[in-house]
Structures are given as structure tokens and as C-alpha cells.
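Peer 1: So that you have it, the file is work_36.cif, and it contains mmCIF, C-alpha atoms:
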data_data
#
loop_
_atom_site.label_atom_id
_atom_site.label_comp_id
_atom_site.auth_asym_id
_atom_site.auth_seq_id
_atom_site.Cartn_x
_atom_site.Cartn_y
_atom_site.Cartn_z
CA MET A 167 131.64 146.56 51.55
CA GLU A 168 133.42 147.80 54.66
CA THR A 169 137.20 147.65 54.23
CA THR A 170 138.36 150.08 56.91
CA GLY A 171 141.44 148.84 58.69
CA MET A 172 142.05 146.00 56.21
CA THR A 173 145.11 145.74 53.96
CA PHE A 174 145.04 143.75 50.72
CA THR A 175 148.24 142.49 49.09
CA LEU A 176 148.01 141.02 45.60
CA THR A 177 151.04 139.33 44.10
CA ARG A 178 151.67 139.21 40.36
CA ARG A 179 150.67 135.55 40.42
CA GLY A 180 147.49 136.39 42.30
CA LEU A 181 146.71 139.17 39.84
CA ILE A 182 147.08 136.83 36.88
CA GLN A 183 144.87 134.22 38.53
CA LEU A 184 142.24 136.84 39.37
CA LEU A 185 142.22 138.19 35.85
CA ALA A 186 141.96 134.69 34.43
CA ALA A 187 138.57 134.36 36.13
CA THR A 188 137.18 136.71 33.45
CA PRO A 189 138.47 134.94 30.33
CA LEU A 190 138.64 137.65 27.65
CA ALA A 191 139.64 140.63 29.75
CA GLY A 192 141.70 138.40 32.04
CA ARG A 193 143.84 137.01 29.27
CA ALA A 194 144.39 140.48 27.87
CA ARG A 195 145.46 141.87 31.24
CA ALA A 196 147.67 138.84 31.98
CA GLY A 197 149.30 139.48 28.61
CA GLU A 198 149.91 143.06 29.62
CA VAL A 199 151.63 141.91 32.81
CA TRP A 200 153.91 139.59 30.83
CA ASP A 201 154.60 142.29 28.21
CA GLY A 202 155.76 144.53 31.03
CA ILE A 203 158.18 141.87 32.25
CA VAL A 204 159.54 141.41 28.72
CA ALA A 205 160.02 145.18 28.36
CA GLU A 206 161.86 145.44 31.69
CA ALA A 207 164.10 142.53 30.70
CA ARG A 208 165.63 144.37 27.77
CA GLY A 209 169.27 145.22 28.38
CA GLN A 210 169.63 142.93 31.39
CA THR A 211 172.34 140.28 31.79
CA VAL A 212 171.38 136.82 33.05
CA TYR A 213 174.14 134.89 34.80
CA PHE A 214 173.02 131.31 34.14
CA ASN A 215 174.77 128.99 36.60
CA ALA A 216 174.69 125.58 34.95
CA TRP A 217 176.70 122.36 34.91
CA ALA A 218 179.28 122.48 32.13
CA GLY A 219 180.42 118.88 31.81
CA SER A 220 179.11 118.35 28.26
CA PRO A 221 180.29 120.18 25.12
CA GLN A 222 176.89 119.53 23.53
CA ILE A 223 175.03 121.13 26.43
CA ASN A 224 177.43 124.07 26.52
CA ALA A 225 176.85 124.63 22.79
CA TYR A 226 173.11 124.49 23.30
CA ILE A 227 173.25 127.12 26.06
CA ALA A 228 175.35 129.32 23.75
CA TRP A 229 172.61 129.01 21.08
CA VAL A 230 170.02 130.06 23.68
CA GLY A 231 172.13 133.10 24.46
CA GLU A 232 172.33 134.09 20.82
CA ALA A 233 168.55 133.80 20.43
CA LEU A 234 167.84 135.86 23.56
CA GLN A 235 170.26 138.58 22.50
CA ARG A 236 168.72 138.80 19.04
CA ARG A 237 165.08 138.74 20.13
CA HIS A 238 165.01 140.35 23.55
CA ASP A 239 168.29 142.25 23.94
CA ILE A 240 169.14 139.94 26.85
CA ARG A 241 172.74 138.92 27.43
CA LEU A 242 173.13 135.34 28.73
CA GLU A 243 176.37 134.49 30.52
CA HIS A 244 176.94 130.77 31.16
CA VAL A 245 178.62 130.47 34.57
CA LYS A 246 180.08 127.00 34.17
CA LEU A 247 179.74 124.75 37.21
CA ALA A 248 181.27 121.41 38.11
CA ASP A 249 178.72 120.96 40.90
CA THR A 250 175.46 122.90 41.37
CA ALA A 251 175.98 122.75 45.14
CA GLU A 252 178.73 125.36 44.78
CA ALA A 253 176.18 127.84 43.41
CA VAL A 254 173.76 127.00 46.22
CA ARG A 255 176.46 127.78 48.81
CA ARG A 256 177.31 131.03 47.04
CA VAL A 257 173.69 132.19 46.97
CA ARG A 258 173.28 131.32 50.66
CA ASP A 259 176.39 133.32 51.58
CA GLU A 260 175.25 136.31 49.50
CA VAL A 261 171.75 136.32 51.01
CA THR A 262 173.15 136.02 54.54
CA ALA A 263 175.46 138.97 53.88
CA GLY A 264 172.72 140.99 52.17
CA ARG A 265 174.65 141.16 48.89
CA ALA A 266 173.24 141.34 45.37
CA GLY A 267 173.20 138.03 43.57
CA SER A 268 175.92 136.67 41.30
CA ALA A 269 173.43 134.14 39.88
CA ASP A 270 170.18 134.94 38.08
CA LEU A 271 169.20 131.48 36.88
CA LEU A 272 170.18 128.03 38.18
CA TRP A 273 169.96 124.61 36.52
CA ILE A 274 168.73 122.61 39.46
CA ASN A 275 166.74 119.70 40.90
CA GLY A 276 166.70 117.21 43.75
CA GLU A 277 168.49 117.96 47.00
CA ASN A 278 169.77 121.35 45.82
CA PHE A 279 166.19 122.49 45.17
CA ARG A 280 164.95 121.10 48.48
CA VAL A 281 167.62 123.02 50.38
CA MET A 282 167.03 126.31 48.55
CA LYS A 283 163.26 126.02 48.98
CA ALA A 284 163.56 125.28 52.71
CA GLU A 285 165.98 128.16 53.24
CA LYS A 286 163.82 130.59 51.19
CA LEU A 287 166.63 131.24 48.73
CA LEU A 288 164.41 131.20 45.63
CA PHE A 289 162.35 133.91 43.94
CA GLY A 290 158.75 133.14 43.14
CA PRO A 291 156.39 131.54 42.57
CA PHE A 292 156.91 132.42 38.91
CA ALA A 293 157.06 129.23 36.85
CA GLU A 294 153.37 128.61 36.22
CA ASP A 295 152.85 132.25 35.23
CA LEU A 296 155.21 131.84 32.25
CA PRO A 297 153.15 131.86 29.02
CA ASN A 298 154.82 128.70 27.72
CA PHE A 299 154.08 126.76 30.91
CA ALA A 300 150.63 126.16 29.43
CA LEU A 301 152.34 123.76 26.99
CA VAL A 302 153.91 121.58 29.70
CA ASP A 303 152.69 117.99 30.04
CA ILE A 304 151.78 118.17 33.72
CA ALA A 305 149.33 115.25 33.45
CA GLY A 306 151.56 112.78 31.61
CA LYS A 307 154.76 113.96 33.30
CA PRO A 308 153.84 114.61 36.96
CA THR A 309 157.49 115.18 37.86
CA THR A 310 157.22 118.58 36.10
CA ARG A 311 155.58 119.78 39.35
CA ILE A 312 157.20 117.40 41.85
CA ASP A 313 160.96 117.38 42.34
CA PHE A 314 162.20 114.30 44.26
CA ALA A 315 158.89 114.22 46.23
CA GLU A 316 159.11 117.98 46.89
CA ALA A 317 156.35 120.16 45.40
CA THR A 318 157.92 122.75 43.11
CA ALA A 319 155.29 125.35 44.18
CA GLY A 320 156.10 127.44 41.13
CA LEU A 321 159.67 128.05 42.35
CA GLU A 322 161.34 126.23 39.44
CA SER A 323 160.42 125.88 35.79
CA PRO A 324 160.71 122.47 34.08
CA TRP A 325 163.39 122.18 31.43
CA GLY A 326 163.94 118.52 30.52
CA MET A 327 163.13 114.92 31.40
CA ALA A 328 165.13 111.93 32.59
CA GLN A 329 163.94 108.35 33.07
CA LEU A 330 165.62 105.03 33.71
CA THR A 331 165.93 103.25 30.37
CA PHE A 332 167.46 99.89 29.45
CA PHE A 333 169.03 98.98 26.11
CA ALA A 334 170.54 95.99 24.32
CA ASP A 335 171.48 94.64 20.91
CA GLY A 336 168.14 93.41 19.58
CA ALA A 337 169.95 90.84 17.44
CA LYS A 338 171.21 89.19 20.64
CA LEU A 339 168.19 89.94 22.85
CA PRO A 340 165.05 90.18 20.70
CA THR A 341 162.68 89.94 23.68
CA PRO A 342 163.81 92.32 26.42
CA PRO A 343 162.88 91.92 30.10
CA LEU A 344 160.13 94.39 30.97
CA SER A 345 160.23 94.04 34.75
CA MET A 346 162.69 93.22 37.49
CA PRO A 347 161.40 89.62 37.84
CA GLU A 348 161.92 89.17 34.09
CA LEU A 349 165.44 90.58 34.44
CA LEU A 350 166.10 87.98 37.13
CA GLU A 351 164.92 85.24 34.77
CA LEU A 352 167.19 86.58 32.02
CA ALA A 353 170.15 86.65 34.42
CA ARG A 354 169.50 83.02 35.33
CA SER A 355 169.36 82.01 31.67
CA ALA A 356 172.49 84.01 30.77
CA PRO A 357 174.71 83.94 33.89
CA GLY A 358 177.43 86.56 34.04
CA ARG A 359 175.90 88.74 31.29
CA ILE A 360 173.86 91.13 33.49
CA THR A 361 175.04 93.70 36.06
CA TYR A 362 174.58 97.28 37.25
CA PRO A 363 176.91 100.01 38.56
CA ALA A 364 177.81 99.91 42.24
CA PRO A 365 176.12 102.52 44.43
CA PRO A 366 176.73 105.32 45.27
CA ASP A 367 177.12 105.77 41.51
CA PHE A 368 173.93 107.60 40.54
CA HIS A 369 172.86 105.01 37.96
CA GLY A 370 173.52 102.17 40.37
CA THR A 371 171.43 103.81 43.08
CA THR A 372 168.68 104.41 40.52
CA PHE A 373 168.70 100.71 39.59
CA ILE A 374 168.21 99.90 43.29
CA LYS A 375 165.37 102.44 43.51
CA GLN A 376 163.73 100.72 40.54
CA ALA A 377 164.03 97.32 42.19
CA LEU A 378 162.64 98.83 45.39
CA ALA A 379 159.63 100.31 43.58
CA GLU A 380 158.86 97.00 41.87
CA THR A 381 159.21 94.81 44.95
CA MET A 382 157.90 96.86 47.89
CA ALA A 383 154.46 96.13 49.30
CA ASP A 384 153.31 99.76 49.44
CA ARG A 385 154.73 102.15 46.84
CA ALA A 386 152.84 104.99 48.52
CA LEU A 387 155.70 105.09 51.04
CA LEU A 388 158.18 106.33 48.41
CA PRO A 389 157.35 110.06 48.61
CA VAL A 390 157.29 109.96 52.42
CA GLN A 391 160.24 110.80 54.67
CA ILE A 392 161.44 107.55 56.22
CA ASP A 393 163.65 106.52 59.13
CA ARG A 394 165.98 103.54 59.40
CA GLN A 395 163.51 101.27 61.19
CA ALA A 396 160.71 101.84 58.68
CA PHE A 397 163.18 101.50 55.81
CA THR A 398 164.46 98.15 57.09
CA GLU A 399 160.93 96.76 57.06
CA ALA A 400 159.91 98.28 53.71
CA ALA A 401 163.12 97.15 51.98
CA LYS A 402 162.95 93.46 52.95
CA PRO A 403 161.49 92.39 49.56
CA LEU A 404 164.16 94.50 47.80
CA PHE A 405 167.04 92.68 49.44
CA GLU A 406 165.38 89.30 48.94
CA PHE A 407 165.28 90.13 45.23
CA LEU A 408 168.92 91.31 45.17
CA ASP A 409 170.06 88.24 47.11
CA ALA A 410 168.50 86.10 44.37
CA LEU A 411 169.86 88.26 41.52
CA HIS A 412 173.48 88.78 42.56
CA PRO A 413 174.78 85.20 42.18
CA GLU A 414 173.66 85.30 38.53
CA LEU A 415 175.39 88.61 37.73
CA TRP A 416 178.73 89.43 36.15
CA ARG A 417 181.46 88.07 38.44
CA HIS A 418 178.70 86.50 40.56
CA GLY A 419 177.78 89.89 42.04
CA LYS A 420 181.09 90.04 43.92
CA GLN A 421 182.25 92.98 41.81
CA PHE A 422 180.34 95.70 39.98
CA PRO A 423 181.20 98.29 37.32
CA GLN A 424 182.03 101.61 38.92
CA THR A 425 180.18 103.78 36.36
CA GLN A 426 177.42 103.61 33.80
CA ALA A 427 179.96 104.50 31.10
CA GLN A 428 182.04 101.43 32.00
CA MET A 429 178.92 99.29 31.78
CA THR A 430 178.05 100.74 28.37
CA GLN A 431 181.52 99.88 27.08
CA MET A 432 181.13 96.32 28.39
CA LEU A 433 177.87 96.08 26.44
CA ALA A 434 179.54 97.41 23.28
CA ASP A 435 182.33 94.83 23.73
CA GLY A 436 179.78 92.00 23.99
CA GLU A 437 180.58 91.25 27.63
CA LEU A 438 177.07 92.24 28.80
CA LEU A 439 173.60 91.81 27.36
CA VAL A 440 171.87 94.85 28.88
CA GLY A 441 172.89 98.43 29.51
CA LEU A 442 171.09 101.22 31.33
CA THR A 443 170.90 105.01 31.23
CA PHE A 444 168.93 107.88 32.74
CA ASN A 445 168.61 109.63 29.35
CA PRO A 446 166.07 107.81 27.15
CA ASN A 447 167.76 109.20 24.04
CA GLU A 448 171.27 108.01 24.90
CA PRO A 449 170.97 104.61 23.16
CA ALA A 450 169.96 106.33 19.91
CA ASN A 451 172.88 108.73 20.35
CA LEU A 452 175.24 105.78 20.81
CA VAL A 453 173.92 104.23 17.61
CA ALA A 454 174.35 107.53 15.76
CA THR A 455 178.01 107.78 16.85
CA GLY A 456 178.72 104.16 15.91
CA THR A 457 179.33 103.02 19.48
CA LEU A 458 176.40 100.58 19.30
CA PRO A 459 174.96 98.71 16.29
CA SER A 460 171.82 99.82 14.43
CA SER A 461 170.07 96.73 15.83
CA THR A 462 170.10 98.35 19.31
CA ILE A 463 166.74 98.44 21.11
CA ALA A 464 165.72 100.52 24.14
CA TRP A 465 162.86 100.06 26.58
CA GLN A 466 161.34 101.04 29.91
CA ASN A 467 159.72 98.51 32.21
CA ARG A 468 156.02 98.10 31.53
CA GLY A 469 154.98 99.30 34.98
CA GLY A 470 157.09 102.44 34.70
CA THR A 471 160.64 103.40 35.63
CA ILE A 472 162.17 105.92 37.99
CA GLY A 473 162.12 109.35 36.40
CA ASN A 474 162.57 113.00 37.23
CA THR A 475 162.57 116.44 35.69
CA HIS A 476 165.39 118.94 35.73
CA PHE A 477 164.50 122.59 36.16
CA VAL A 478 165.67 126.18 36.17
CA ALA A 479 165.11 128.45 39.19
CA ILE A 480 165.77 132.09 40.06
CA PRO A 481 167.68 132.97 43.26
CA VAL A 482 165.87 135.36 45.57
CA ASN A 483 168.69 137.92 45.29
CA SER A 484 168.85 137.94 41.48
CA THR A 485 169.31 141.41 40.01
CA ALA A 486 167.81 140.38 36.65
CA ARG A 487 164.57 138.66 37.62
CA GLN A 488 162.68 139.88 34.56
CA ALA A 489 165.30 138.62 32.09
CA ALA A 490 165.60 135.36 34.03
CA GLN A 491 161.85 134.80 33.59
CA VAL A 492 162.03 135.58 29.88
CA THR A 493 164.90 133.10 29.60
CA ALA A 494 162.95 130.40 31.44
CA ASN A 495 159.97 131.03 29.17
CA PHE A 496 162.14 130.73 26.05
CA LEU A 497 163.58 127.44 27.34
CA LEU A 498 159.96 126.14 27.36
CA SER A 499 159.22 127.27 23.82
CA PRO A 500 158.58 124.55 21.21
CA GLU A 501 161.56 125.86 19.23
CA ALA A 502 163.99 125.57 22.14
CA GLN A 503 162.54 122.28 23.39
CA ALA A 504 162.68 120.69 19.93
CA ARG A 505 166.28 121.74 19.42
CA LYS A 506 167.22 120.35 22.84
CA ALA A 507 165.50 117.04 22.04
CA ASP A 508 167.32 116.70 18.70
CA LEU A 509 169.74 113.77 18.95
CA ALA A 510 172.30 115.73 16.94
CA ILE A 511 172.18 118.68 19.37
CA TRP A 512 171.63 117.30 22.89
CA GLY A 513 168.98 114.57 22.91
CA ASP A 514 167.31 115.71 26.14
CA PRO A 515 163.61 114.69 26.21
CA THR A 516 161.02 117.45 26.15
CA VAL A 517 158.69 118.45 28.99
CA LEU A 518 156.01 119.60 26.54
CA ASP A 519 152.71 117.91 25.69
CA MET A 520 152.61 117.30 21.93
CA ALA A 521 148.80 117.43 22.01
CA LYS A 522 148.98 121.05 23.19
CA LEU A 523 151.17 122.17 20.28
CA THR A 524 150.11 123.50 16.91
CA PRO A 525 150.77 121.22 13.91
CA GLU A 526 153.62 123.55 12.93
CA ASP A 527 155.24 123.30 16.36
CA ARG A 528 154.81 119.51 16.50
CA ALA A 529 156.62 119.31 13.18
CA LEU A 530 159.71 120.81 14.85
CA PHE A 531 160.16 117.55 16.76
CA THR A 532 161.62 114.63 14.84
CA SER A 533 158.78 112.18 14.30
CA ALA A 534 160.68 109.23 12.85
CA ALA A 535 162.09 106.94 15.55
CA ALA A 536 165.85 106.59 15.19
CA PRO A 537 167.51 103.20 15.81
CA GLY A 538 167.95 102.80 19.55
CA SER A 539 164.91 104.95 20.43
CA VAL A 540 162.35 103.96 23.05
CA THR A 541 159.34 102.89 20.98
CA GLN A 542 156.89 102.36 23.87
CA PRO A 543 157.56 104.90 26.64
CA ALA A 544 156.36 103.85 30.09
CA PRO A 545 155.09 106.08 32.90
CA ALA A 546 157.65 107.81 35.09
CA ILE A 547 157.76 106.67 38.71
CA PRO A 548 158.62 109.82 40.69
CA GLU A 549 161.84 109.75 42.68
CA PRO A 550 161.45 108.70 46.30
CA HIS A 551 161.84 111.21 49.10
CA GLY A 552 165.47 112.20 49.57
CA SER A 553 165.62 110.43 52.94
CA TRP A 554 165.53 107.06 51.15
CA VAL A 555 168.81 107.51 49.28
CA PRO A 556 171.37 107.45 52.13
CA LEU A 557 169.54 104.51 53.68
CA ILE A 558 169.52 102.60 50.36
CA GLU A 559 173.21 103.22 49.76
CA ALA A 560 174.31 102.45 53.32
CA ALA A 561 172.30 99.20 53.42
CA TRP A 562 173.64 98.12 50.00
CA LEU A 563 177.25 98.83 50.97
CA GLU A 564 176.87 97.02 54.27
CA ARG A 565 175.35 93.97 52.59
CA TYR A 566 177.28 93.75 49.31
CA GLY A 567 180.09 96.30 49.38
CA ALA A 568 182.73 93.98 50.79
#
Spit out the file's structure as C-alpha cells when you get a sec.
Peer 2:
Amino acid sequence: METTGMTFTLTRRGLIQLLAATPLAGRARAGEVWDGIVAEARGQTVYFNAWAGSPQINAYIAWVGEALQRRHDIRLEHVKLADTAEAVRRVRDEVTAGRAGSADLLWINGENFRVMKAEKLLFGPFAEDLPNFALVDIAGKPTTRIDFAEATAGLESPWGMAQLTFFADGAKLPTPPLSMPELLELARSAPGRITYPAPPDFHGTTFIKQALAETMADRALLPVQIDRQAFTEAAKPLFEFLDALHPELWRHGKQFPQTQAQMTQMLADGELLVGLTFNPNEPANLVATGTLPSSTIAWQNRGGTIGNTHFVAIPVNSTARQAAQVTANFLLSPEAQARKADLAIWGDPTVLDMAKLTPEDRALFTSAAAPGSVTQPAPAIPEPHGSWVPLIEAAWLERYGA
């Protein structure tokens, strides 16, 4: 074959994919590539920039650091953030100035990922080359490869799941509403006992997204960038639904709780019938701490509820890319995922596919459903394109905010 004058460039990802075409030799060579990354990672320090608002999460990250130090001679430093956007700004400034990175791994999703991807601030693709990515439930959890309607393109590795979940005291509400129309019927039969947080509270906006998804004529519009005119037309059924719901709500829909935590306390006090959360394990956690009774039930609407995945990503100017990849791979291990999913540790749902695990690894995950657990999980409806959110919140505030 004549190759004169032609230049071939093969990335590590391309090499692994090429080798995989010859199964036995390919797997062996791909293993050699990964072994080389693991060897280079020894002695490196990973500055993991991650939100630090939860003692349980901070303790979990400290456990990860101990495991990495013991097994791979990797030092993990938790750079504690109040807002991930501050790390995004720092990386942008460093890259613009040509400086080495102060962050090697970021806990990220949503708008922060979209910005970093668009501005080419991320290293990769790397995620789908990680050995443990083969265990991810990409079929059952499509948001492990789609982040708020943005393709991850291997630039971030899935870490945990979130999905809109409702909960109540089953002794007071034995038959929960499994759709927005059923919630409207419940509100009419129990006036003043249903509500949701006011947008722009994240949970309140998510409730509106759920109502939008269940009422709109064409859900295929959700992942598409939208302008105000198209939004106004698409959202007409949403606001017809809310106009019917609000008079039946707590304080007749003239006032709303400001936070999800306030709403949860109102449920615990018996003022409300239904609570909501974006962590499917939170109701079981609340039962375990005694905040809610053991008769608590949790559910997701039968047609699915808004869900997303949170990820880790590597900045393009990281000075410890090898150790960052080893860390991301460990975060996907059955051991680390099972510990994270443990209600006593964190209670963050796994991204793994149980059918892909060995019997021994499946046994790491608690099989018995705790009181307050979701017994019949529903499909996740991927988050709409980011352009929907400001339009949703502005329209809600204009219509109901006063």
C-alpha cells in the first residue's frame, strides 16, 4: 500500500479500539496500555475539586483517598468547593495564561460540563477506555452518556445517579399518585396538603420540568435548544396544568416553600401529604435517622421521572492525568459504587448494571429494600436542553411569582 506523503495519528482511544477488533490479542494489548497508565500514576497527587457541602460525602472522598494511597500510591487531595463554577473559572484562567493546572479531577455535570466542553477545557476522551466503564448501565441509564442533553463524548466518567422521587407516609397515603394528572386528583381530594418548592429552587424547577414532560405534545423537543417563541407554544399544556393545580395547593398556590428541606419538614410535621427529592435514597435515609416513620413509601411516576447522572472529568491542563484516570476507574469499581450506595455511608445510587457484575460483586450491594426505598424504579427522563431552564423559571415567576 502506498503511504508516501501521508501521516497517521493514532490516539490511545483509537489504539484500544483497533486492538479490540482482534479479541484475544486486542484485549491483552489494551490491558498493557492501561497497565502503563497505572504504573505512571504511582506517586502522583490528584487534586479532586468537589463540592463539600455534606459531611457524609466528604468522609466518602476521604475513604477513596485512603484506598488509592494504599493500592496505587496515589495521593488524593479534596479541594473543597462551595460551587463547581469557581473551579471552572479557575481552569479557564489557567489555560488562558498557559499555566499548569491546580485541578486534576472535577465533580461536574450540567451547565459546567457544557461550558468546559465547548471551550475545550477538558482532557479526553478517556472515560469509555476505563476498564470499569464496561460495567456501566448505559442501556438502562442513558444519562450516563448524555449530560443535560449534551453528549459526554468520553470527556466525563459517570459517578452517580439522581432522579426525581416522591415520598409519603404510606399509612396516610396507601395509594400514591403515579402521574401528574393523578397528583392533580389527589390535590383536589386533599386541598392544601400538596405543594412544591418555588423556582428557581432546583427541586422546584425539576418539578416543573416533570410536569412539562408529562403534558407537552412532543417530548422529542426536550433535548433541543429552544427559543422563547417555541417555548411559549410548547409550554401551553404545562401552564394549563399548573393553573388547574395551584388553587388546590398549600395556601392556594399563592405561596410556596422556598426549599426542598422546608417541604420535607412540613411533611414530617403532617402539614403535607407528599414530599419530593432528587436522591431516590433520601426517603430511606430519613427513615433511618428517625425523621420519617417506617411506614414511609417512595415512588417514581410510572412513565418515568426527570433524572441525570453526575460525573468526574479531567481538566485539559491537569498535571496528573494518569492518576486522575486511575481515580475515575476506582470510583466505578463495584467496591466503591457499593459503598457510595450504602444508606449508612452516602446513599447515592449506582451507575453500574447489576447484570454485568459477578455474584460476589452483586453481593456488595444491599439487596434488602429498606423502609422508604423505591420498590419499582421508573425510567429516567433525561434533562431537557439547558436553554429550557431560564425560560421555564422566567415564565413561572412572571405568572405565579407575585
Peer 1: Taking the file as shown, what set of residues would the PyMOL selection byres ((chain A and resi 491) around 10) give back, as a PyMOL selection string?
Peer 2: chain A and resi 200+203-204+207+212+270-271+292-293+295-296+323+478-480+486-490+492-497
Peer 1: Identify which of the residues A:Val257, A:Leu247, A:Val482, A:Ala269 lies closest to A:Phe214, counting all atoms listed in the file when measuring atom-to-atom distances.
Peer 2: A:Ala269
Peer 1: Care to translate the PyMOL selection byres ((chain A and resi 417-431) around 9) into actual residues of this file, as a PDB file with C-alpha atoms, in the frame of the given file?
Peer 2:
ATOM      1  CA  PRO A 357     174.710  83.940  33.890  1.00  0.00           C
ATOM      2  CA  GLY A 358     177.430  86.560  34.040  1.00  0.00           C
ATOM      3  CA  THR A 361     175.040  93.700  36.060  1.00  0.00           C
ATOM      4  CA  TYR A 362     174.580  97.280  37.250  1.00  0.00           C
ATOM      5  CA  PRO A 363     176.910 100.010  38.560  1.00  0.00           C
ATOM      6  CA  ALA A 364     177.810  99.910  42.240  1.00  0.00           C
ATOM      7  CA  PRO A 365     176.120 102.520  44.430  1.00  0.00           C
ATOM      8  CA  ASP A 367     177.120 105.770  41.510  1.00  0.00           C
ATOM      9  CA  PHE A 368     173.930 107.600  40.540  1.00  0.00           C
ATOM     10  CA  HIS A 369     172.860 105.010  37.960  1.00  0.00           C
ATOM     11  CA  GLY A 370     173.520 102.170  40.370  1.00  0.00           C
ATOM     12  CA  LEU A 411     169.860  88.260  41.520  1.00  0.00           C
ATOM     13  CA  HIS A 412     173.480  88.780  42.560  1.00  0.00           C
ATOM     14  CA  PRO A 413     174.780  85.200  42.180  1.00  0.00           C
ATOM     15  CA  GLU A 414     173.660  85.300  38.530  1.00  0.00           C
ATOM     16  CA  LEU A 415     175.390  88.610  37.730  1.00  0.00           C
ATOM     17  CA  TRP A 416     178.730  89.430  36.150  1.00  0.00           C
ATOM     18  CA  MET A 432     181.130  96.320  28.390  1.00  0.00           C
ATOM     19  CA  LEU A 433     177.870  96.080  26.440  1.00  0.00           C
ATOM     20  CA  ALA A 434     179.540  97.410  23.280  1.00  0.00           C
ATOM     21  CA  ASP A 435     182.330  94.830  23.730  1.00  0.00           C
ATOM     22  CA  GLY A 436     179.780  92.000  23.990  1.00  0.00           C
ATOM     23  CA  GLU A 437     180.580  91.250  27.630  1.00  0.00           C
ATOM     24  CA  LEU A 438     177.070  92.240  28.800  1.00  0.00           C
ATOM     25  CA  VAL A 440     171.870  94.850  28.880  1.00  0.00           C
ATOM     26  CA  GLY A 441     172.890  98.430  29.510  1.00  0.00           C
ATOM     27  CA  LEU A 442     171.090 101.220  31.330  1.00  0.00           C
ATOM     28  CA  THR A 443     170.900 105.010  31.230  1.00  0.00           C
ATOM     29  CA  THR A 457     179.330 103.020  19.480  1.00  0.00           C
ATOM     30  CA  TYR A 566     177.280  93.750  49.310  1.00  0.00           C
ATOM     31  CA  GLY A 567     180.090  96.300  49.380  1.00  0.00           C
ATOM     32  CA  ALA A 568     182.730  93.980  50.790  1.00  0.00           C
TER      33      ALA A 568
END
Peer 1: Once the PyMOL selection byres ((chain A and resi 538) around 12) is applied to the coordinates I shared, what remains selected? I want it as a PyMOL selection string.
Peer 2: chain A and resi 331-336+441+445-465+509+534-537+539-542
Peer 1: Would you mind reading off the distance between atom CA of A:Ile360 and atom CA of A:Ala377, one decimal, in Å?
Peer 2: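 Computing it gives 14.5 Å between the two atoms.
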Peer 1: In Å, how far is it from atom CA of A:Pro500 to atom CA of A:His238?
Peer 2: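 Result for atom CA of A:Pro500 versus atom CA of A:His238: 17.2 Å, one decimal.
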Peer 1: Rank nothing, just name the residue among A:Ala266, A:Trp217, A:Pro403, A:Pro366 nearest to A:Asp384, using only C-alpha atoms.
Peer 2: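 The answer is A:Pro403, which sits nearest to A:Asp384.
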Peer 1: Measuring atom to atom with all atoms listed in the file, identify which of A:Ala546, A:Ile558, A:Met346, A:Val254 is nearest to A:Leu287.
Peer 2: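 Distance minimum relative to A:Leu287 lands on A:Val254.
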Peer 1: Which one is closest to A:Leu321: A:Pro297, A:Thr309, A:Arg280, A:Ala353? Count only C-alpha atoms.
Peer 2: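 Once distances to A:Leu321 are computed over only C-alpha atoms, the minimum belongs to A:Arg280.
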Peer 1: Taking into account all atoms listed in the file, which residue in the set A:Thr262, A:Ala305, A:Glu564, A:Leu378 is nearest to A:Phe397?
Peer 2: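 The answer is A:Leu378, which sits nearest to A:Phe397.
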Peer 1: Output: stretch 478-489 of chain A of the preceding structure, restricted to N, CA and C atoms, written as an mmCIF file, in the first residue's frame.
Peer 2:
data_model
loop_
_atom_site.group_PDB
_atom_site.id
_atom_site.type_symbol
_atom_site.label_atom_id
_atom_site.label_comp_id
_atom_site.auth_asym_id
_atom_site.auth_seq_id
_atom_site.Cartn_x
_atom_site.Cartn_y
_atom_site.Cartn_z
ATOM 1 N N VAL A 478 -17.296 12.691 36.860
ATOM 2 C CA VAL A 478 -15.989 13.294 37.122
ATOM 3 C C VAL A 478 -15.308 13.523 35.777
ATOM 4 N N ALA A 479 -14.559 14.614 35.670
ATOM 5 C CA ALA A 479 -13.862 14.969 34.433
ATOM 6 C C ALA A 479 -12.465 15.460 34.779
ATOM 7 N N ILE A 480 -11.586 15.442 33.771
ATOM 8 C CA ILE A 480 -10.183 15.809 33.954
ATOM 9 C C ILE A 480 -9.904 17.083 33.164
ATOM 10 N N PRO A 481 -9.481 18.159 33.810
ATOM 11 C CA PRO A 481 -9.148 19.386 33.069
ATOM 12 C C PRO A 481 -8.004 19.150 32.084
ATOM 13 N N VAL A 482 -8.015 19.881 30.992
ATOM 14 C CA VAL A 482 -7.030 19.678 29.941
ATOM 15 C C VAL A 482 -5.620 20.007 30.412
ATOM 16 N N ASN A 483 -5.479 20.848 31.438
ATOM 17 C CA ASN A 483 -4.154 21.228 31.921
ATOM 18 C C ASN A 483 -3.757 20.486 33.194
ATOM 19 N N SER A 484 -4.417 19.373 33.485
ATOM 20 C CA SER A 484 -4.037 18.556 34.644
ATOM 21 C C SER A 484 -2.601 18.085 34.504
ATOM 22 N N THR A 485 -1.888 18.072 35.625
ATOM 23 C CA THR A 485 -0.512 17.561 35.638
ATOM 24 C C THR A 485 -0.453 16.134 36.173
ATOM 25 N N ALA A 486 -1.611 15.534 36.437
ATOM 26 C CA ALA A 486 -1.647 14.155 36.957
ATOM 27 C C ALA A 486 -2.745 13.376 36.237
ATOM 28 N N ARG A 487 -2.702 13.411 34.903
ATOM 29 C CA ARG A 487 -3.759 12.777 34.119
ATOM 30 C C ARG A 487 -3.840 11.273 34.362
ATOM 31 N N GLN A 488 -2.689 10.633 34.526
ATOM 32 C CA GLN A 488 -2.705 9.178 34.725
ATOM 33 C C GLN A 488 -3.394 8.830 36.049
ATOM 34 N N ALA A 489 -3.004 9.517 37.121
ATOM 35 C CA ALA A 489 -3.606 9.234 38.426
ATOM 36 C C ALA A 489 -5.075 9.630 38.447
#
